[in-house]
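Q: Handing you this structure, nothing more for now.
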Amino acid sequence: MQIKSQKDFVAGLLFSAIGVAFAAGAVTYEVGTGDRMGPGYFPLMLGLILALLGLAVTLTAFDWKGQYRGDGDPIGRIAWKPLICIIAANLVFGVLLVGRPSIGVPSMGLLVAIVALVFIARLGGDQMHWLETAVLAAVLAAGCYLVFIKALNLQMPVWPWFMVE
């Protein structure tokens, strides 16, 4: 038995590992039963489903019939720039949304946090089109405002701290 796709094999292992870790974290909450679900039920089920999907992807990476002749679908280099930009965008979003007084960052609100998220994440791409990115940021900020603040009535800061005081 030979691995015919290294990409599928590693991706499946990663999916399974993340799913198992998510499910393990979920059991620290009350799980409950199917008819009386606790706060850990939904994350536990999602983690188990992700682990099973990862197992399925891993198994499809093998050549079960022994007919595959070749080197396999190799794993490429890790794309560090997009990886770092996406992680940084999410961290900056969280800090800007509610602020971080311990490091001297006040709350900048939902709209500023979304604009920052879009621009930082876009830096991970090969080409930066400022106008397209600005339009995307504006549309996402408006959409999030309408969905989370107006439709769902979530209580979170929308505007920067200096505009609401």
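Scheme for the structure tokens: letters A, B, ... for chains in order shown; per-chain residue numbers from 1; ligand numbers from 1 in order shown.
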Show me, as a tab-separated table, the residues of segment 3-23 of chain A having an atom within 12 Å of segment 75-87 of chain A, each with the closest atom pair and its distance in Å, using only C-alpha atoms.
A:
residue	atom	partner	partner_atom	distance
A:Lys4	CA	A:Ile75	CA	11.5
A:Ser5	CA	A:Ile75	CA	8.5
A:Gln6	CA	A:Ile75	CA	5.9
A:Lys7	CA	A:Ile75	CA	5.3
A:Asp8	CA	A:Ile75	CA	9.1
A:Phe9	CA	A:Ile75	CA	9.7
A:Val10	CA	A:Ile75	CA	8.4
A:Ala11	CA	A:Ile75	CA	9.9
Q: Which parts of chain A does DSSP call alpha helix (DSSP H) when run on the backbone here, written out as a PyMOL selection string?
A: chain A and resi 6-26+41-60+80-98+109-122+130-144+161-164
Q: I'd like the interatomic distance between atom CA of Gly47 of chain A and atom CA of Val20 of chain A, to a tenth of an Å.
A: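 So the two atoms, atom CA of Gly47 of chain A and atom CA of Val20 of chain A, lie 6.0 Å apart.
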Q: Smallest atom-to-atom distance to Ile120 of chain A: which of A:Met156, A:Ala134, A:Ala61, A:Leu52, using only C-alpha atoms?
A: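 That would be A:Ala134, the residue with the smallest distance to Ile120 of chain A.
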Q: What are the DSSP strand (DSSP E) residues of chain A, as a ChimeraX atom specification?
A: /A:2-3,62-63
